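Shown here: query-v2.txt, compact mmCIF, C-alpha atoms and all ligand atoms.
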# COMPACT_ATOMS: atom_id res chain seq x y z
CA MET A 13 0.00 0.00 0.00
CA ILE A 14 2.80 2.48 0.94
CA LYS A 15 4.63 1.74 -2.27
CA LEU A 16 1.49 2.40 -4.27
CA LYS A 17 0.93 5.75 -2.55
CA LEU A 18 4.47 6.88 -3.32
CA PHE A 19 4.05 6.28 -7.02
CA PRO A 20 2.12 9.46 -7.87
CA VAL A 21 4.54 11.56 -5.75
CA LEU A 22 7.59 10.12 -7.50
CA PHE A 23 5.98 10.64 -10.85
CA ILE A 24 5.34 14.32 -10.08
CA LEU A 25 8.91 14.82 -8.82
CA ILE A 26 10.40 13.20 -11.90
CA SER A 27 8.32 15.33 -14.20
CA ILE A 28 9.24 18.55 -12.36
CA LEU A 29 13.01 18.02 -12.12
CA PRO A 30 13.93 18.29 -15.80
CA ALA A 31 11.84 21.45 -16.05
CA CYS A 32 13.84 23.13 -13.24
CA GLY A 33 17.13 22.15 -14.84
CA GLN A 34 15.99 23.58 -18.13
CA THR A 35 15.13 27.06 -16.84
CA LYS A 36 18.59 27.44 -15.36
CA THR A 37 20.39 26.82 -18.62
CA THR A 38 18.22 28.60 -21.17
CA LYS A 39 19.51 31.76 -22.84
CA GLN A 40 16.42 33.63 -21.67
CA GLN A 41 17.68 33.37 -18.11
CA THR A 42 20.68 35.58 -19.01
CA ASP A 43 18.44 38.31 -20.40
CA LYS A 44 15.91 38.09 -17.59
CA PRO A 45 17.33 40.63 -15.11
CA MET A 46 17.34 43.35 -17.77
CA ASN A 47 13.95 42.76 -19.35
CA GLU A 48 11.98 41.79 -16.31
CA ASN A 49 13.04 44.69 -14.12
CA THR A 50 13.16 47.46 -16.67
CA LYS A 51 9.73 49.03 -16.35
CA LYS A 52 10.09 52.13 -18.52
CA LYS A 53 10.60 51.69 -22.24
CA PRO A 54 13.93 53.02 -23.52
CA GLU A 55 13.86 56.38 -25.32
CA VAL A 56 16.38 55.12 -27.84
CA LEU A 57 15.29 51.84 -29.38
CA VAL A 58 18.18 49.75 -30.62
CA ASN A 59 18.15 47.47 -33.61
CA LYS A 60 20.08 44.42 -32.44
CA GLU A 61 21.22 43.47 -35.95
CA GLU A 62 22.54 46.98 -36.64
CA LEU A 63 24.26 47.01 -33.27
CA LYS A 64 26.05 43.77 -34.06
CA GLN A 65 27.55 45.49 -37.12
CA LYS A 66 28.40 48.69 -35.25
CA LEU A 67 29.88 47.24 -32.05
CA THR A 68 32.70 44.80 -31.37
CA THR A 69 31.65 41.36 -30.07
CA GLU A 70 32.72 42.37 -26.57
CA GLN A 71 30.84 45.67 -26.68
CA TYR A 72 27.71 43.85 -27.87
CA ASN A 73 27.96 41.09 -25.27
CA VAL A 74 28.49 43.54 -22.41
CA THR A 75 25.83 46.10 -23.37
CA GLN A 76 23.14 43.72 -24.65
CA MET A 77 23.83 40.39 -22.89
CA CYS A 78 24.95 41.74 -19.47
CA SER A 79 28.37 40.15 -19.86
CA THR A 80 31.38 41.43 -17.87
CA GLU A 81 34.76 42.21 -19.45
CA PRO A 82 37.98 41.02 -17.76
CA PRO A 83 39.53 43.34 -15.14
CA PHE A 84 42.81 45.14 -16.02
CA LYS A 85 42.41 44.02 -19.66
CA ASN A 86 40.02 46.70 -20.79
CA LYS A 87 40.36 50.10 -22.40
CA TYR A 88 39.72 52.65 -19.64
CA TRP A 89 40.50 51.14 -16.21
CA ASP A 90 43.80 53.07 -16.12
CA ASN A 91 42.79 56.07 -18.24
CA HIS A 92 43.70 59.33 -16.46
CA ILE A 93 43.04 61.78 -19.30
CA THR A 94 40.56 64.60 -18.66
CA GLY A 95 37.35 64.08 -20.57
CA ALA A 96 33.97 62.41 -20.57
CA TYR A 97 32.60 58.90 -20.99
CA PHE A 98 29.61 58.38 -23.29
CA CYS A 99 27.30 55.41 -23.85
CA VAL A 100 28.87 53.33 -26.63
CA VAL A 101 25.39 52.54 -28.01
CA CYS A 102 23.51 55.89 -27.96
CA ASN A 103 26.19 58.51 -27.09
CA THR A 104 24.49 59.73 -23.91
CA PRO A 105 27.04 61.43 -21.61
CA LEU A 106 27.40 59.17 -18.56
CA PHE A 107 30.50 60.00 -16.50
CA ASN A 108 33.08 62.79 -16.18
CA SER A 109 36.76 62.06 -15.62
CA ASP A 110 36.76 64.27 -12.48
CA THR A 111 34.56 61.66 -10.75
CA LYS A 112 36.79 58.71 -11.79
CA PHE A 113 38.97 57.12 -9.14
CA ASP A 114 41.36 54.19 -8.84
CA SER A 115 39.28 51.48 -7.16
CA GLY A 116 41.95 48.79 -7.58
CA THR A 117 39.38 46.51 -9.21
CA GLY A 118 40.70 46.81 -12.77
CA TRP A 119 37.48 48.35 -14.07
CA PRO A 120 36.81 52.05 -14.66
CA SER A 121 35.19 53.31 -11.45
CA PHE A 122 33.35 56.55 -10.75
CA PHE A 123 31.72 57.98 -7.63
CA LYS A 124 28.97 59.82 -9.53
CA PRO A 125 27.27 59.88 -12.95
CA VAL A 126 27.07 63.11 -15.00
CA THR A 127 23.47 63.54 -13.78
CA ASP A 128 21.20 61.23 -11.81
CA SER A 129 18.98 60.99 -14.86
CA SER A 130 21.77 59.66 -17.13
CA ILE A 131 21.56 56.19 -15.62
CA ILE A 132 18.95 53.85 -14.16
CA GLU A 133 19.34 51.33 -11.36
CA ILE A 134 17.95 47.81 -11.62
CA LYS A 135 17.90 45.14 -8.92
CA ASP A 136 20.03 42.25 -10.20
CA THR A 137 19.75 38.83 -8.56
CA ALA A 138 21.82 36.88 -11.10
CA TYR A 139 24.48 34.38 -9.91
CA GLY A 140 22.91 34.12 -6.45
CA MET A 141 23.93 37.68 -5.52
CA VAL A 142 21.82 40.77 -4.90
CA ARG A 143 23.44 43.65 -6.74
CA THR A 144 22.33 46.90 -8.33
CA GLU A 145 22.80 46.91 -12.06
CA ILE A 146 23.42 50.21 -13.86
CA GLN A 147 21.95 50.81 -17.30
CA CYS A 148 22.05 53.79 -19.66
CA ALA A 149 18.80 55.70 -19.04
CA LYS A 150 18.26 56.39 -22.75
CA CYS A 151 18.85 52.99 -24.41
CA HIS A 152 18.89 50.62 -21.39
CA SER A 153 22.27 49.14 -22.33
CA HIS A 154 24.02 47.33 -19.51
CA LEU A 155 26.91 49.40 -18.11
CA GLY A 156 27.96 47.71 -14.87
CA HIS A 157 26.99 47.76 -11.19
CA VAL A 158 27.00 50.22 -8.30
CA PHE A 159 28.31 49.42 -4.81
CA ASP A 160 28.26 51.42 -1.59
CA ASP A 161 31.99 51.20 -0.84
CA GLY A 162 33.09 54.21 -2.90
CA PRO A 163 34.94 57.36 -1.83
CA ARG A 164 33.53 60.71 -0.71
CA PRO A 165 31.43 62.69 -1.38
CA THR A 166 28.87 60.03 -2.45
CA GLY A 167 30.33 56.84 -0.94
CA LEU A 168 29.32 55.06 -4.14
CA ARG A 169 31.41 53.05 -6.59
CA TYR A 170 30.02 52.84 -10.09
CA CYS A 171 31.96 49.85 -11.41
CA MET A 172 31.66 50.10 -15.19
CA ASN A 173 32.72 48.06 -18.20
CA SER A 174 35.02 49.93 -20.61
CA ALA A 175 33.19 48.11 -23.41
CA SER A 176 30.00 50.05 -22.56
CA LEU A 177 31.77 53.40 -22.76
CA ASN A 178 33.29 55.68 -25.34
CA PHE A 179 35.83 58.16 -23.98
CA ILE A 180 36.16 61.59 -25.56
CA PRO A 181 38.75 64.05 -24.20
CA ILE A 182 36.28 66.92 -23.76
CA GLU A 183 34.66 68.30 -20.64
CA ILE A 184 30.88 68.20 -20.35
CA GLU A 185 29.22 71.40 -19.22
CA LYS A 186 28.10 71.00 -15.60
CA LYS A 187 24.43 71.52 -14.91
ZN ZN B 201 22.76 54.44 -24.14

Could you write out this file's structure as structure tokens?
Ligand SMILES: [Zn+2]
Amino acid sequence: MIKLKLFPVLFILISILPACGQTKTTKQQTDKPMNENTKKKPEVLVNKEELKQKLTTEQYNVTQMCSTEPPFKNKYWDNHITGAYFCVVCNTPLFNSDTKFDSGTGWPSFFKPVTDSSIIEIKDTAYGMVRTEIQCAKCHSHLGHVFDDGPRPTGLRYCMNSASLNFIPIEIEKK
């Protein structure tokens, strides 16, 4: 009798297990944090096919697939030239060099964006961690993450991917 009762339970468990495994490995899972949490539609709509032509593979993977470039092997982590950093996808000004600091992480780090409205914050629970993802406010490209262990005056560390940024040695007018 006990064996017979267990049968339906086992059957249910067996049918559920492959389904759980599947959701963890699908490609959709990678895109989920961006699409699910981004409530507002981007002002600048990107054509993915055109972007693939315009950007390098690394720039595309970072900005559109939330990938992370390697530390110390990227374009701007050690850039000390005065200028501004723009979104590589839509050219929105994002960070000024006077807010850049050496975080020791090997990624370009800033304590403040150009304006609060240049970026948006998204709760990111990927890889079993709770982090705050930073996206470009205009086109919703992935830029990096923000942490609360930065220097004064904000105490924030905007840890960015060089692949999301385009540096131009000009100063942006302060608002
Ligand atoms: Zn953008």

Exercise answer, 12 Å around ligand ZN 201 (chain B) with all atoms listed in the file, as a ChimeraX atom specification
/A:54-58,63,75-76,97-106,129-132,146-155,176-178

If we count all atoms listed in the file and set the cut-off at 10 Å, which residues sit around Lys85 (chain A), ignoring sequence neighbours fewer than 5 positions away in its own chain? Please answer as a short mmCIF file (atom, residue, chain, number, x, y, z; two decimals) with C-alpha atoms, in the coordinates of the input.
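The result, written out as around26.cif:
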data_model
loop_
_atom_site.label_atom_id
_atom_site.label_comp_id
_atom_site.auth_asym_id
_atom_site.auth_seq_id
_atom_site.Cartn_x
_atom_site.Cartn_y
_atom_site.Cartn_z
CA ASP A 90 43.80 53.07 -16.12
CA GLY A 118 40.70 46.81 -12.77
CA TRP A 119 37.48 48.35 -14.07
CA SER A 174 35.02 49.93 -20.61
#

Nearest to Ser79 (chain A) among A:Val126, A:Ile93, A:Val142, A:Ala175, with distances taken over all atoms listed in the file: which residue is it?
A:Ala175

Show me, as CSV, the residues of region 45-152 of chain A having an atom within 12 Å of region 160-165 of chain A, each with the closest atom pair and its distance in Å, using all atoms listed in the file.
residue,atom,partner,partner_atom,distance
A:Thr111,CA,A:Pro163,CA,9.9
A:Lys112,CA,A:Pro163,CA,10.2
A:Phe113,CA,A:Pro163,CA,8.4
A:Asp114,CA,A:Pro163,CA,10.0
A:Ser115,CA,A:Gly162,CA,8.0
A:Gly116,CA,A:Gly162,CA,11.4
A:Thr117,CA,A:Gly162,CA,11.8
A:Ser121,CA,A:Gly162,CA,8.8
A:Phe122,CA,A:Gly162,CA,8.2
A:Phe123,CA,A:Gly162,CA,6.2
A:Lys124,CA,A:Pro165,CA,9.0
A:Arg143,CA,A:Asp160,CA,10.5
A:Thr144,CA,A:Asp160,CA,10.1

Asn59 (chain A) proximity check over A:Asp136, A:Tyr72, A:Gly167, A:Phe159, using only C-alpha atoms: winner is A:Tyr72

Which is closer to Ile180 (chain A) than all the others in A:Glu61, A:Lys52, A:Glu81, A:Phe107, using all atoms listed in the file?
A:Phe107

Mind checking which residues fall within 9 Å of Asp110 (chain A), counting only C-alpha atoms, ignoring those fewer than 6 positions away in the same chain, and posting them as a list of chain:residue names?
A:Thr94, A:Gly95, A:Ala96, A:Phe122

Calculate how many Å separate CA of Glu133 (chain A) from CA of Glu145 (chain A), rounding to one decimal.
5.7 Å
